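> coords_13.cif is reproduced in full below (mmCIF, C-alpha atoms).
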```
data_work
loop_
_atom_site.label_atom_id
_atom_site.label_comp_id
_atom_site.auth_asym_id
_atom_site.auth_seq_id
_atom_site.Cartn_x
_atom_site.Cartn_y
_atom_site.Cartn_z
CA MET O 1 -22.10 -7.13 14.79
CA GLN O 2 -18.41 -6.92 15.59
CA LYS O 3 -15.62 -4.82 14.15
CA GLU O 4 -12.77 -6.76 12.61
CA THR O 5 -9.28 -5.21 12.72
CA GLU O 6 -6.62 -7.36 11.10
CA ILE O 7 -3.52 -7.50 8.97
CA LYS O 8 -2.77 -10.15 6.36
CA LEU O 9 0.80 -11.18 5.57
CA ARG O 10 1.64 -13.37 2.58
CA VAL O 11 4.32 -15.97 3.41
CA SER O 12 6.00 -19.02 1.89
CA ARG O 13 5.26 -22.54 3.10
CA LYS O 14 8.69 -22.60 4.75
CA THR O 15 7.97 -19.38 6.64
CA LEU O 16 4.50 -20.58 7.61
CA ALA O 17 6.03 -23.66 9.24
CA ALA O 18 8.71 -21.60 10.99
CA LEU O 19 6.15 -19.19 12.48
CA ARG O 20 4.77 -21.95 14.71
CA GLU O 21 8.11 -22.09 16.52
CA HIS O 22 9.05 -18.41 16.35
CA PRO O 23 10.35 -17.37 19.81
CA LEU O 24 8.22 -14.21 19.89
CA LEU O 25 4.97 -16.11 19.28
CA LYS O 26 6.03 -19.04 21.44
CA LYS O 27 6.69 -16.77 24.40
CA ARG O 28 3.33 -15.00 24.13
CA ASN O 29 1.23 -18.00 23.07
CA LYS O 30 -1.40 -18.47 25.79
CA SER O 31 -3.49 -21.19 24.19
CA GLY O 32 -1.27 -23.39 22.06
CA TRP O 33 -2.02 -23.95 18.39
CA THR O 34 -5.40 -25.43 17.48
CA ARG O 35 -6.16 -26.86 14.03
CA HIS O 36 -9.34 -26.14 12.06
CA GLU O 37 -10.37 -27.18 8.57
CA LEU O 38 -12.41 -24.32 7.11
CA LEU O 39 -14.55 -24.83 4.01
CA ASN O 40 -15.99 -21.62 2.59
CA GLN O 41 -18.38 -20.76 -0.22
CA TYR O 42 -18.73 -17.15 -1.36
CA PHE O 43 -21.92 -15.83 -2.89
CA ASP O 44 -22.70 -13.05 -5.32
CA THR O 45 -24.96 -12.29 -8.26
CA PRO O 46 -23.90 -13.16 -11.82
CA THR O 47 -23.14 -9.45 -12.33
CA ARG O 48 -21.09 -9.32 -9.08
CA ASP O 49 -23.20 -6.66 -7.37
CA LEU O 50 -21.79 -7.53 -3.93
CA ALA O 51 -18.20 -7.18 -5.08
CA GLN O 52 -18.95 -3.77 -6.55
CA ALA O 53 -20.45 -2.72 -3.21
CA LYS O 54 -17.35 -4.03 -1.38
CA VAL O 55 -19.42 -6.67 0.42
CA ALA O 56 -18.42 -10.29 1.07
CA LEU O 57 -21.02 -12.97 1.81
CA ARG O 58 -19.99 -16.50 2.68
CA ILE O 59 -20.99 -19.74 4.36
CA ARG O 60 -18.23 -21.38 6.39
CA ARG O 61 -18.12 -24.94 7.69
CA ASP O 62 -15.81 -25.26 10.72
CA GLY O 63 -16.09 -28.81 12.01
CA ASP O 64 -19.76 -29.26 12.95
CA ALA O 65 -20.42 -25.51 12.99
CA ILE O 66 -21.91 -23.78 9.96
CA ILE O 67 -21.75 -19.98 9.96
CA GLN O 68 -23.11 -17.44 7.50
CA THR O 69 -21.01 -14.23 7.48
CA LEU O 70 -21.52 -10.83 5.91
CA LYS O 71 -18.56 -8.43 5.76
CA THR O 72 -19.42 -4.90 4.71
CA ARG O 73 -17.37 -2.13 3.13
CA GLY O 74 -14.47 -1.29 5.40
CA HIS O 75 -11.30 0.74 5.58
CA SER O 76 -7.94 -0.62 4.57
CA VAL O 77 -4.61 1.19 4.73
CA ALA O 78 -1.35 -0.48 3.77
CA GLY O 79 -2.47 -3.96 4.79
CA LEU O 80 -4.18 -2.95 8.07
CA SER O 81 -7.94 -3.32 7.56
CA GLU O 82 -11.09 -2.58 9.55
CA ARG O 83 -14.60 -3.62 8.54
CA ASN O 84 -17.94 -4.63 10.09
CA GLU O 85 -18.72 -8.33 10.31
CA TYR O 86 -22.07 -10.06 10.95
CA ASP O 87 -22.27 -13.78 11.82
CA TRP O 88 -25.26 -16.14 11.98
CA PRO O 89 -25.17 -19.84 12.91
CA LEU O 90 -26.97 -22.12 10.44
CA SER O 91 -28.35 -25.63 10.78
CA LYS O 92 -27.33 -26.56 7.22
CA ALA O 93 -24.97 -25.22 4.55
CA LYS O 94 -27.63 -23.30 2.64
CA LEU O 95 -27.70 -19.51 2.27
CA ASP O 96 -30.40 -17.90 4.44
CA ALA O 97 -31.23 -14.63 2.67
CA LYS O 98 -33.82 -13.77 5.35
CA LYS O 99 -30.97 -12.92 7.72
CA LEU O 100 -29.73 -10.21 5.37
CA THR O 101 -31.99 -7.53 6.81
CA ALA O 102 -31.78 -3.74 6.54
CA ASP O 103 -29.82 -3.38 9.79
CA CYS O 104 -26.80 -5.08 8.17
CA TRP O 105 -27.49 -5.10 4.43
CA PRO O 106 -25.94 -2.09 2.64
CA ALA O 107 -28.41 0.58 1.51
CA SER O 108 -26.78 0.56 -1.95
CA LEU O 109 -28.06 -3.03 -2.40
CA ALA O 110 -31.56 -2.42 -1.04
CA GLU O 111 -33.21 -3.08 -4.41
CA LEU O 112 -31.19 -6.22 -5.15
CA ASP O 113 -33.16 -9.41 -5.72
CA LYS O 114 -31.46 -11.77 -3.23
CA LYS O 115 -32.76 -14.76 -5.17
CA GLN O 116 -29.96 -14.04 -7.66
CA LEU O 117 -27.29 -14.86 -5.07
CA GLN O 118 -25.30 -17.97 -5.95
CA ALA O 119 -22.00 -19.63 -5.02
CA ILE O 120 -19.25 -18.41 -7.36
CA PHE O 121 -16.00 -19.61 -5.75
CA SER O 122 -14.63 -21.39 -2.69
CA THR O 123 -11.73 -20.91 -0.29
CA ASP O 124 -10.83 -24.10 1.53
CA PHE O 125 -7.89 -24.09 3.93
CA VAL O 126 -6.47 -25.45 7.15
CA ARG O 127 -6.10 -22.83 9.87
CA GLU O 128 -3.84 -23.20 12.88
CA LYS O 129 -4.62 -20.46 15.34
CA ALA O 130 -3.41 -19.31 18.73
CA GLU O 131 -4.10 -16.53 21.19
CA ILE O 132 -1.07 -14.26 21.47
CA ALA O 133 -1.11 -11.94 24.49
CA TRP O 134 1.29 -9.58 26.23
CA GLY O 135 1.48 -6.37 28.20
CA ARG O 136 2.10 -3.19 26.23
CA GLY O 137 2.70 -0.34 28.63
CA LYS O 138 -0.20 -0.40 31.07
CA ALA O 139 -2.53 -2.06 28.57
CA LYS O 140 -3.06 -5.68 27.60
CA VAL O 141 -2.89 -6.82 24.01
CA VAL O 142 -4.63 -9.94 22.71
CA ILE O 143 -4.19 -10.96 19.08
CA GLU O 144 -5.42 -14.07 17.32
CA ALA O 145 -2.66 -15.38 15.08
CA ALA O 146 -3.82 -17.66 12.26
CA LEU O 147 -1.62 -19.71 9.94
CA ASP O 148 -3.66 -20.47 6.83
CA LEU O 149 -2.74 -23.01 4.13
CA GLY O 150 -5.07 -24.07 1.34
CA LYS O 151 -6.42 -22.78 -1.95
CA VAL O 152 -8.95 -20.54 -3.66
CA VAL O 153 -10.93 -22.25 -6.43
CA ALA O 154 -13.02 -20.52 -9.08
CA GLY O 155 -14.18 -22.90 -11.79
CA LYS O 156 -11.08 -24.58 -13.21
CA LEU O 157 -8.70 -21.96 -11.78
CA GLU O 158 -7.05 -22.02 -8.37
CA GLU O 159 -4.49 -20.09 -6.31
CA GLU O 160 -2.65 -21.14 -3.16
CA ILE O 161 -3.49 -19.60 0.19
CA CYS O 162 -0.41 -19.32 2.39
CA GLU O 163 -0.57 -16.48 4.90
CA LEU O 164 -0.32 -15.26 8.45
CA GLU O 165 -3.38 -13.37 9.61
CA LEU O 166 -3.23 -11.29 12.78
CA GLU O 167 -6.58 -10.15 14.20
CA LEU O 168 -6.86 -7.71 17.10
CA ARG O 169 -9.03 -8.93 19.97
CA GLU O 170 -7.94 -6.47 22.65
CA GLY O 171 -5.68 -3.40 22.60
CA GLU O 172 -4.68 -0.75 20.07
CA PRO O 173 -4.25 -1.30 16.30
CA ALA O 174 -0.62 -0.19 16.64
CA ALA O 175 0.03 -3.48 18.44
CA LEU O 176 -0.81 -5.44 15.27
CA LEU O 177 1.82 -3.55 13.29
CA GLU O 178 4.29 -3.78 16.16
CA LEU O 179 4.02 -7.58 16.31
CA ALA O 180 4.14 -7.92 12.51
CA ALA O 181 7.23 -5.71 12.24
CA GLU O 182 9.04 -7.66 14.96
CA LEU O 183 8.32 -10.91 13.10
CA ALA O 184 9.37 -9.34 9.78
CA ALA O 185 12.81 -8.49 11.14
CA ASP O 186 13.95 -12.06 10.45
CA MET O 187 11.13 -13.61 8.39
CA ALA O 188 9.83 -12.83 4.88
CA LEU O 189 6.37 -11.32 5.43
CA MET O 190 4.55 -9.44 2.67
CA PRO O 191 1.75 -7.10 3.84
CA CYS O 192 -1.14 -7.74 1.51
CA ASP O 193 -4.62 -6.25 1.82
CA ILE O 194 -6.17 -8.61 -0.73
CA SER O 195 -8.65 -10.81 1.09
CA LYS O 196 -9.39 -14.43 0.28
CA ALA O 197 -12.64 -13.25 -1.27
CA GLU O 198 -10.80 -10.74 -3.42
CA ARG O 199 -8.51 -13.51 -4.64
CA GLY O 200 -11.55 -15.55 -5.60
CA TYR O 201 -12.97 -12.65 -7.57
CA ARG O 202 -9.59 -12.14 -9.25
CA LEU O 203 -9.61 -15.75 -10.44
CA PHE O 204 -13.24 -15.41 -11.50
CA ASP O 205 -12.41 -12.20 -13.40
CA ALA O 206 -8.75 -11.24 -13.83
CA ASN O 207 -9.65 -7.56 -14.20
CA SER O 208 -11.62 -7.36 -10.96
CA TYR O 209 -8.61 -6.58 -8.76
CA SER O 210 -8.47 -2.81 -8.45
CA LEU O 211 -4.98 -1.32 -8.34
CA SER O 212 -6.15 2.21 -7.67
CA LEU O 213 -7.02 3.36 -4.18
CA PRO O 214 -9.26 6.38 -3.56
CA ALA O 215 -7.14 9.52 -3.78
CA PRO O 216 -6.72 11.27 -0.42
CA SER O 217 -8.56 14.52 0.07
CA ILE O 218 -6.00 17.34 0.10
CA ASP O 219 -6.89 21.02 0.44
CA ALA O 220 -5.07 24.30 0.98
CA GLU O 221 -6.21 24.71 4.61
CA GLN O 222 -5.00 21.28 5.70
CA PRO O 223 -2.02 21.23 8.09
CA LEU O 224 1.16 19.97 6.46
CA ASP O 225 1.36 17.06 8.93
CA ASP O 226 -2.11 15.82 7.95
CA ALA O 227 -1.49 16.22 4.21
CA PHE O 228 1.86 14.43 4.42
CA ALA O 229 0.36 11.52 6.39
CA ALA O 230 -2.55 11.13 3.94
CA LEU O 231 -0.26 11.16 0.91
CA ALA O 232 2.26 8.77 2.43
CA TRP O 233 -0.45 6.28 3.48
CA HIS O 234 -1.87 6.45 -0.06
CA LEU O 235 1.49 5.80 -1.72
CA LEU O 236 2.32 2.94 0.64
CA GLY O 237 -1.06 1.26 0.14
CA SER O 238 -0.84 1.68 -3.63
CA SER O 239 2.68 0.28 -3.74
CA GLN O 240 1.57 -2.80 -1.81
CA ARG O 241 -1.29 -3.45 -4.23
CA LEU O 242 1.06 -3.06 -7.19
CA ALA O 243 3.54 -5.47 -5.62
CA GLU O 244 0.80 -8.05 -5.04
CA GLN O 245 -0.53 -7.82 -8.57
CA TYR O 246 2.94 -7.91 -10.15
CA ARG O 247 3.72 -11.01 -8.07
CA PHE O 248 0.48 -12.51 -9.40
CA ASN O 249 0.75 -11.79 -13.14
CA GLY O 250 4.21 -10.35 -13.89
CA HIS O 251 2.96 -7.50 -16.11
CA TRP O 252 5.90 -5.13 -16.66
CA ARG O 253 3.90 -1.92 -16.31
CA LEU O 254 3.02 -2.84 -12.72
CA LEU O 255 6.70 -3.03 -11.78
CA VAL O 256 7.35 0.35 -13.41
CA ASP O 257 4.48 1.86 -11.41
CA TRP O 258 5.68 0.17 -8.19
CA VAL O 259 9.11 1.80 -8.53
CA ALA O 260 7.43 5.13 -9.31
CA GLN O 261 5.39 4.90 -6.09
CA LEU O 262 8.53 4.14 -4.07
CA SER O 263 10.32 7.08 -5.72
CA GLU O 264 7.49 9.39 -4.69
CA LEU O 265 7.60 8.05 -1.13
CA ARG O 266 11.34 8.75 -1.04
CA ALA O 267 10.78 12.28 -2.33
CA LEU O 268 8.10 12.92 0.30
CA LEU O 269 10.33 11.69 3.13
CA GLY O 270 13.10 14.02 1.98
CA SER O 271 11.00 17.12 1.40
CA LEU O 272 9.67 18.25 4.78
CA GLY O 273 12.79 19.87 6.24
CA GLN O 274 12.50 20.52 9.97
CA ALA O 275 8.87 19.37 9.98
CA ALA O 276 10.27 15.81 9.68
CA PRO O 277 13.83 15.70 11.06
CA ARG O 278 16.12 13.39 9.11
CA SER O 279 16.93 11.41 12.25
CA SER O 280 13.25 10.39 12.54
CA SER O 281 13.25 8.71 9.12
CA SER O 282 16.86 7.54 8.73
CA GLU O 283 16.07 3.82 9.04
CA LEU O 284 13.15 4.07 6.62
CA ARG O 285 15.18 6.03 4.07
CA SER O 286 17.97 3.46 4.28
CA LEU O 287 15.57 0.57 3.54
CA LEU O 288 13.88 2.53 0.76
CA ASP O 289 17.17 3.56 -0.82
CA ALA O 290 18.28 -0.08 -0.88
CA LEU O 291 15.09 -1.05 -2.73
CA LEU O 292 15.37 1.83 -5.20
CA ASN O 293 19.08 1.34 -5.82
CA GLU O 294 18.36 -2.20 -6.96
CA TRP O 295 15.02 -1.83 -8.75
CA ARG O 296 15.22 1.57 -10.41
CA PRO O 297 18.18 0.60 -12.65
CA ARG O 298 16.34 -2.58 -13.66
CA VAL O 299 13.26 -0.61 -14.66
CA GLN O 300 15.36 1.90 -16.58
CA ALA O 301 17.22 -0.91 -18.37
CA GLY O 302 13.95 -2.68 -19.15
CA VAL O 303 12.72 0.26 -21.22
CA LEU O 304 15.02 -0.88 -24.05
CA ASP O 305 15.92 -4.45 -23.10
CA ASP O 306 13.32 -7.20 -23.39
CA SER O 307 15.53 -9.73 -21.56
CA THR O 308 15.53 -7.46 -18.49
CA ARG O 309 11.74 -7.39 -18.49
CA GLN O 310 11.57 -11.17 -18.83
CA ALA O 311 13.99 -11.73 -15.95
CA ALA O 312 12.22 -9.32 -13.59
CA PRO O 313 9.36 -11.58 -12.29
CA ALA O 314 11.82 -14.19 -10.99
CA GLN O 315 13.96 -11.43 -9.47
CA PHE O 316 10.88 -9.95 -7.80
CA ALA O 317 9.92 -13.34 -6.42
CA ALA O 318 13.42 -13.55 -4.92
CA GLU O 319 12.93 -10.07 -3.43
CA LEU O 320 9.78 -11.25 -1.69
CA GLN O 321 11.65 -14.24 -0.25
CA GLY O 322 13.81 -11.78 1.68
CA THR O 323 12.85 -9.48 4.52
CA ARG O 324 13.47 -6.06 2.93
CA TRP O 325 10.11 -5.24 1.34
CA GLY O 326 7.98 -6.49 4.24
CA LEU O 327 10.14 -4.81 6.86
CA PHE O 328 10.04 -1.48 5.04
CA SER O 329 6.26 -1.65 4.55
CA LEU O 330 5.52 -2.52 8.16
CA ASN O 331 8.00 -0.06 9.66
CA LEU O 332 6.63 2.78 7.53
CA SER O 333 3.09 1.85 8.60
CA ARG O 334 4.13 2.00 12.25
CA TRP O 335 5.95 5.31 11.70
CA LEU O 336 2.91 6.86 10.03
CA LEU O 337 0.43 5.52 12.57
CA ALA O 338 2.50 6.93 15.46
CA ARG O 339 3.33 10.16 13.55
CA ALA O 340 6.88 9.51 14.65
CA TRP O 341 8.27 12.44 12.63
CA THR O 342 6.61 14.82 15.11
CA ALA O 343 8.14 13.29 18.26
CA GLU O 344 11.47 15.10 18.60
CA ARG O 345 11.29 18.09 16.28
CA ASN O 346 12.01 21.64 17.44
CA ASN O 347 9.57 24.56 17.73
CA ARG O 348 10.22 25.66 14.15
CA GLY O 349 9.48 22.13 12.96
CA ASN O 350 6.23 22.16 14.96
CA ARG O 351 5.20 25.43 13.32
CA GLN O 352 5.98 24.04 9.88
CA GLY O 353 4.00 20.87 10.56
CA ALA O 354 1.00 22.92 11.67
CA ALA O 355 1.22 25.33 8.69
CA ALA O 356 -1.54 25.26 6.11
CA LEU O 357 -0.50 23.26 3.04
CA GLY O 358 -1.51 26.14 0.78
CA ASN O 359 1.03 28.38 2.52
CA TRP O 360 3.84 25.84 2.90
CA LEU O 361 3.79 24.28 -0.56
CA PRO O 362 4.54 27.44 -2.62
CA THR O 363 7.55 28.10 -0.38
CA LEU O 364 8.86 24.57 -0.93
CA LEU O 365 8.39 24.80 -4.69
CA LYS O 366 10.05 28.21 -4.81
CA ASP O 367 13.09 27.00 -2.85
CA GLU O 368 13.44 23.79 -4.84
CA GLY O 369 12.85 25.57 -8.14
CA THR O 370 15.47 28.21 -7.38
CA ASP O 371 18.02 25.59 -6.34
CA LEU O 372 17.32 23.66 -9.56
CA GLN O 373 19.36 26.35 -11.39
CA LEU O 374 17.86 25.79 -14.82
CA LYS O 375 20.02 28.52 -16.40
CA ARG O 376 23.15 26.67 -15.33
CA TYR O 377 22.00 23.43 -16.95
CA GLN O 378 21.29 25.19 -20.21
CA GLN O 379 25.07 25.72 -20.36
CA GLN O 380 25.95 22.39 -18.67
CA PRO O 381 23.21 19.95 -19.76
CA GLU O 382 25.53 16.99 -19.23
CA ASP O 383 25.28 17.54 -15.45
CA LEU O 384 21.47 17.65 -15.20
CA ALA O 385 21.25 14.13 -13.72
CA GLU O 386 22.71 15.43 -10.45
CA GLN O 387 19.44 17.31 -9.93
CA LEU O 388 17.21 14.22 -10.14
CA PRO O 389 16.43 14.11 -6.37
CA ARG O 390 15.30 17.75 -6.52
CA LEU O 391 13.27 17.14 -9.67
CA GLU O 392 11.58 14.19 -7.96
CA ARG O 393 10.62 16.33 -4.96
CA LEU O 394 9.14 18.97 -7.25
CA LEU O 395 7.29 16.40 -9.35
CA THR O 396 5.94 14.47 -6.36
CA TRP O 397 4.28 17.50 -4.78
CA LEU O 398 3.02 18.78 -8.12
CA HIS O 399 1.61 15.33 -8.88
CA LEU O 400 -0.12 14.83 -5.56
CA ALA O 401 -1.09 18.32 -4.40
CA ARG O 402 -1.05 20.83 -7.26
CA ASN O 403 -4.81 21.27 -6.82
CA VAL O 404 -4.08 23.49 -3.80
CA LEU O 405 -2.06 25.94 -5.92
CA ASP O 406 -3.67 28.99 -7.48
CA VAL O 407 -1.12 29.12 -10.29
CA PRO O 408 -1.73 29.43 -14.06
CA GLU O 409 -0.69 26.49 -16.28
CA VAL O 410 0.36 24.38 -13.30
CA ASP O 411 -0.73 21.19 -15.10
CA ARG O 412 1.49 22.06 -18.04
CA LEU O 413 4.39 22.79 -15.68
CA TYR O 414 4.02 19.31 -14.21
CA GLY O 415 4.07 17.75 -17.67
CA GLU O 416 7.13 19.69 -18.84
CA LEU O 417 9.04 18.87 -15.64
CA CYS O 418 8.21 15.19 -16.22
CA LYS O 419 9.84 15.46 -19.65
CA LEU O 420 12.90 17.17 -18.14
CA SER O 421 13.22 14.43 -15.51
CA GLU O 422 12.96 11.72 -18.18
CA LEU O 423 15.72 13.40 -20.20
CA ALA O 424 17.90 13.62 -17.09
CA GLN O 425 17.73 9.83 -16.71
CA ARG O 426 18.66 8.88 -20.27
CA PRO O 427 22.24 7.99 -21.36
CA ILE O 428 24.11 11.05 -22.66
CA SER O 429 24.46 11.67 -26.39
CA PRO O 430 24.94 14.89 -28.42
CA GLU O 431 21.27 14.85 -29.38
CA LEU O 432 20.21 14.34 -25.77
CA LEU O 433 22.23 17.35 -24.57
CA ASP O 434 20.40 19.55 -27.08
CA GLU O 435 17.06 18.17 -25.87
CA ARG O 436 17.98 18.85 -22.23
CA MET O 437 18.93 22.45 -23.04
CA SER O 438 15.72 23.01 -24.99
CA GLN O 439 13.52 21.43 -22.31
CA ALA O 440 15.14 23.50 -19.53
CA GLN O 441 14.35 26.62 -21.55
CA THR O 442 10.75 25.47 -22.03
CA VAL O 443 10.23 24.98 -18.29
CA GLN O 444 11.77 28.37 -17.53
CA SER O 445 9.46 30.11 -19.97
CA LEU O 446 6.21 28.83 -18.42
CA LYS O 447 3.93 31.21 -16.53
CA ALA O 448 3.61 28.73 -13.67
CA TRP O 449 7.38 28.52 -13.27
CA LYS O 450 7.73 32.29 -13.24
CA VAL O 451 4.99 32.60 -10.62
CA LEU O 452 6.42 29.88 -8.35
CA VAL O 453 10.10 30.83 -8.70
CA LYS O 454 9.87 34.61 -8.44
#
```
I'd like the structure from this file rewritten - as structure tokens, please.


Amino acid sequence: MQKETEIKLRVSRKTLAALREHPLLKKRNKSGWTRHELLNQYFDTPTRDLAQAKVALRIRRDGDAIIQTLKTRGHSVAGLSERNEYDWPLSKAKLDAKKLTADCWPASLAELDKKQLQAIFSTDFVREKAEIAWGRGKAKVVIEAALDLGKVVAGKLEEEICELELELREGEPAALLELAAELAADMALMPCDISKAERGYRLFDANSYSLSLPAPSIDAEQPLDDAFAALAWHLLGSSQRLAEQYRFNGHWRLLVDWVAQLSELRALLGSLGQAAPRSSSSELRSLLDALLNEWRPRVQAGVLDDSTRQAAPAQFAAELQGTRWGLFSLNLSRWLLARAWTAERNNRGNRQGAAALGNWLPTLLKDEGTDLQLKRYQQQPEDLAEQLPRLERLLTWLHLARNVLDVPEVDRLYGELCKLSELAQRPISPELLDERMSQAQTVQSLKAWKVLVK
């Protein structure tokens, strides 16, 4: 068994060709590019038991070599994935179920009749790979870079494979993200944690691609730093899956949810005060603001305008042909992995970062709620939109971490603040001003609001 640590980056054919000659890879290329034609068949039961267990089973033909591979459930965060991999050489391209013994076969599939396993899709592609190596501090880094071009085929359906895959052979996982981010500075790279197998399953069954990631475990005793990191990783990973699926099928709701995830990320980055000094996240906030300034108005316009919704897939495809989305994703991953917000903060910031979430969060909500000045906006409802950043910070923490609060009616407070935020974003009319005034009064009257803003 070996542990596989890799990152997949979706690219265009033009970018794939340019990567071969990229100065950064050229300088560190120790082996030259070698070409391999890889023919792969993936196996599962008719009811897709392996997919449900997050297991991939394939037979690969690489020249004269035939290899059976089992990849078990792993861990994937924002495109960077780790999982266990088992390989067995075969004499012919026929599945050998006898090799799937208890030491590698998941316990959840122990009762499965392996005679049901059958080929359900194929991924055939040409891989050009090279060993990329360099010194990083006192350590050596070795990464296998693979340029893959081909297609996934499931029945009569197919999808192109065009990606850069970076697999860590020696060194720290941070080196993968470091190399990817350096390449993304001038090339369009889209972090994408959907494997070739997952693409096959998606063709086989369009509903098989899961958009939801497991929610992070957040509790009142958790240090703020740990809670923030878990929530930010979750939002980044979710936003990447939404971007991939919207690119694939163009369903409007996915774009709306993608912008919502980015808005929550922006609110998180702006909510920690001295625990995350603004200087530590200035570059990230700039990239994120550029994305939101372009895409949030489109989503808002698309609520009422069908032509905006119809134009959005082509506009999103153009977005992915630029560097902005990939660079933001990879730089945020590096920032989170290194916990860069902790590097240069003062003693007060260190104390805040170490504070229990259950103690810190009520203070944040009290300060933000007080500064929201709901009484003022009952007299001046036309100005409520200026409080949208504060409303987003309140809503983000209530959405993601209200389970740590011992406050009555906190779920209702979250719902009523969502309504107030939605009203703050709508074009002004006499009727809207009345609704804003009424909704501000409703929020102010809630028990949860009175407890938090006391």

> As an exercise, work out the distance from CA of His22 in chain O to CA of Arg199 in chain O in Å and give it to one decimal place.

27.8 Å

> Identify, on the basis of all atoms listed in the file, every residue whose closest approach to range 92-99 of chain O does not exceed 7 Å; exclude the query and any residue fewer than 4 positions from it along the same chain; express the result as a count of residues only.

3

> Hey, what's within 9 Å of range 183-193 of chain O if we count all atoms listed in the file and toss same-chain stuff fewer than 2 positions away? As a PyMOL selection string, please?

chain O and resi 7-12+15+18-19+22+24-25+76-81+163-164+178-181+195+237+240-241+243-244+320-327+329-330

> Keeping C-alpha atoms for every residue in the selection just given, could you write it to a file as an mmCIF file, keeping the file's coordinate frame?


```
data_model
loop_
_atom_site.group_PDB
_atom_site.id
_atom_site.type_symbol
_atom_site.label_atom_id
_atom_site.label_comp_id
_atom_site.auth_asym_id
_atom_site.auth_seq_id
_atom_site.Cartn_x
_atom_site.Cartn_y
_atom_site.Cartn_z
ATOM 1 C CA ILE O 7 -3.520 -7.500 8.970
ATOM 2 C CA LYS O 8 -2.770 -10.150 6.360
ATOM 3 C CA LEU O 9 0.800 -11.180 5.570
ATOM 4 C CA ARG O 10 1.640 -13.370 2.580
ATOM 5 C CA VAL O 11 4.320 -15.970 3.410
ATOM 6 C CA SER O 12 6.000 -19.020 1.890
ATOM 7 C CA THR O 15 7.970 -19.380 6.640
ATOM 8 C CA ALA O 18 8.710 -21.600 10.990
ATOM 9 C CA LEU O 19 6.150 -19.190 12.480
ATOM 10 C CA HIS O 22 9.050 -18.410 16.350
ATOM 11 C CA LEU O 24 8.220 -14.210 19.890
ATOM 12 C CA LEU O 25 4.970 -16.110 19.280
ATOM 13 C CA SER O 76 -7.940 -0.620 4.570
ATOM 14 C CA VAL O 77 -4.610 1.190 4.730
ATOM 15 C CA ALA O 78 -1.350 -0.480 3.770
ATOM 16 C CA GLY O 79 -2.470 -3.960 4.790
ATOM 17 C CA LEU O 80 -4.180 -2.950 8.070
ATOM 18 C CA SER O 81 -7.940 -3.320 7.560
ATOM 19 C CA GLU O 163 -0.570 -16.480 4.900
ATOM 20 C CA LEU O 164 -0.320 -15.260 8.450
ATOM 21 C CA GLU O 178 4.290 -3.780 16.160
ATOM 22 C CA LEU O 179 4.020 -7.580 16.310
ATOM 23 C CA ALA O 180 4.140 -7.920 12.510
ATOM 24 C CA ALA O 181 7.230 -5.710 12.240
ATOM 25 C CA SER O 195 -8.650 -10.810 1.090
ATOM 26 C CA GLY O 237 -1.060 1.260 0.140
ATOM 27 C CA GLN O 240 1.570 -2.800 -1.810
ATOM 28 C CA ARG O 241 -1.290 -3.450 -4.230
ATOM 29 C CA ALA O 243 3.540 -5.470 -5.620
ATOM 30 C CA GLU O 244 0.800 -8.050 -5.040
ATOM 31 C CA LEU O 320 9.780 -11.250 -1.690
ATOM 32 C CA GLN O 321 11.650 -14.240 -0.250
ATOM 33 C CA GLY O 322 13.810 -11.780 1.680
ATOM 34 C CA THR O 323 12.850 -9.480 4.520
ATOM 35 C CA ARG O 324 13.470 -6.060 2.930
ATOM 36 C CA TRP O 325 10.110 -5.240 1.340
ATOM 37 C CA GLY O 326 7.980 -6.490 4.240
ATOM 38 C CA LEU O 327 10.140 -4.810 6.860
ATOM 39 C CA SER O 329 6.260 -1.650 4.550
ATOM 40 C CA LEU O 330 5.520 -2.520 8.160
#
```

> Using Å and a single decimal, report how far CA of Ser438 in chain O sits from CA of Gln261 in chain O.

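About the pair CA of Gln261 in chain O and CA of Ser438 in chain O: they are 28.1 Å apart.
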
> Could you work out how far CA of Leu288 in chain O lies from CA of Pro427 in chain O, giving the answer in Å with one decimal?

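Rounded to one decimal, the two atoms are 24.3 Å apart.
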
> Give one line per residue of range 222-253 of chain O that approaches range 353-376 of chain O to at most 12 Å, naming the two atoms of the closest pair and their distance in Å to one decimal, counting all atoms listed in the file; sort by chain then ascending residue number and deliver it as a tab-separated table.


```
residue	atom	partner	partner_atom	distance
O:Gln222	CA	O:Ala356	CA	5.3
O:Pro223	CA	O:Ala356	CA	4.5
O:Leu224	CA	O:Leu357	CA	5.0
O:Asp225	CA	O:Gly353	CA	4.9
O:Asp226	CA	O:Gly353	CA	8.3
O:Ala227	CA	O:Leu357	CA	7.2
O:Phe228	CA	O:Gly353	CA	9.2
O:Ala229	CA	O:Gly353	CA	10.9
```

> Please produce, as a tab-separated table, a per-residue contact table for range 26-61 of chain O versus range 136-153 of chain O (criterion: any atom at most 12 Å away, only C-alpha atoms considered), showing the nearest atom pair and its distance in Å to one decimal, sorted by chain then residue number.


```
residue	atom	partner	partner_atom	distance
O:Lys26	CA	O:Ala145	CA	11.4
O:Arg28	CA	O:Val142	CA	9.5
O:Asn29	CA	O:Ala145	CA	9.3
O:Lys30	CA	O:Val142	CA	9.6
O:Ser31	CA	O:Glu144	CA	10.1
O:Gly32	CA	O:Ala145	CA	10.7
O:Trp33	CA	O:Ala146	CA	9.0
O:Thr34	CA	O:Ala146	CA	9.5
O:Arg35	CA	O:Leu147	CA	9.4
O:His36	CA	O:Asp148	CA	9.6
O:Glu37	CA	O:Gly150	CA	9.5
O:Leu38	CA	O:Gly150	CA	9.3
O:Leu39	CA	O:Gly150	CA	9.9
O:Asn40	CA	O:Val152	CA	9.5
O:Gln41	CA	O:Val153	CA	9.8
O:Tyr42	CA	O:Val152	CA	10.6
```
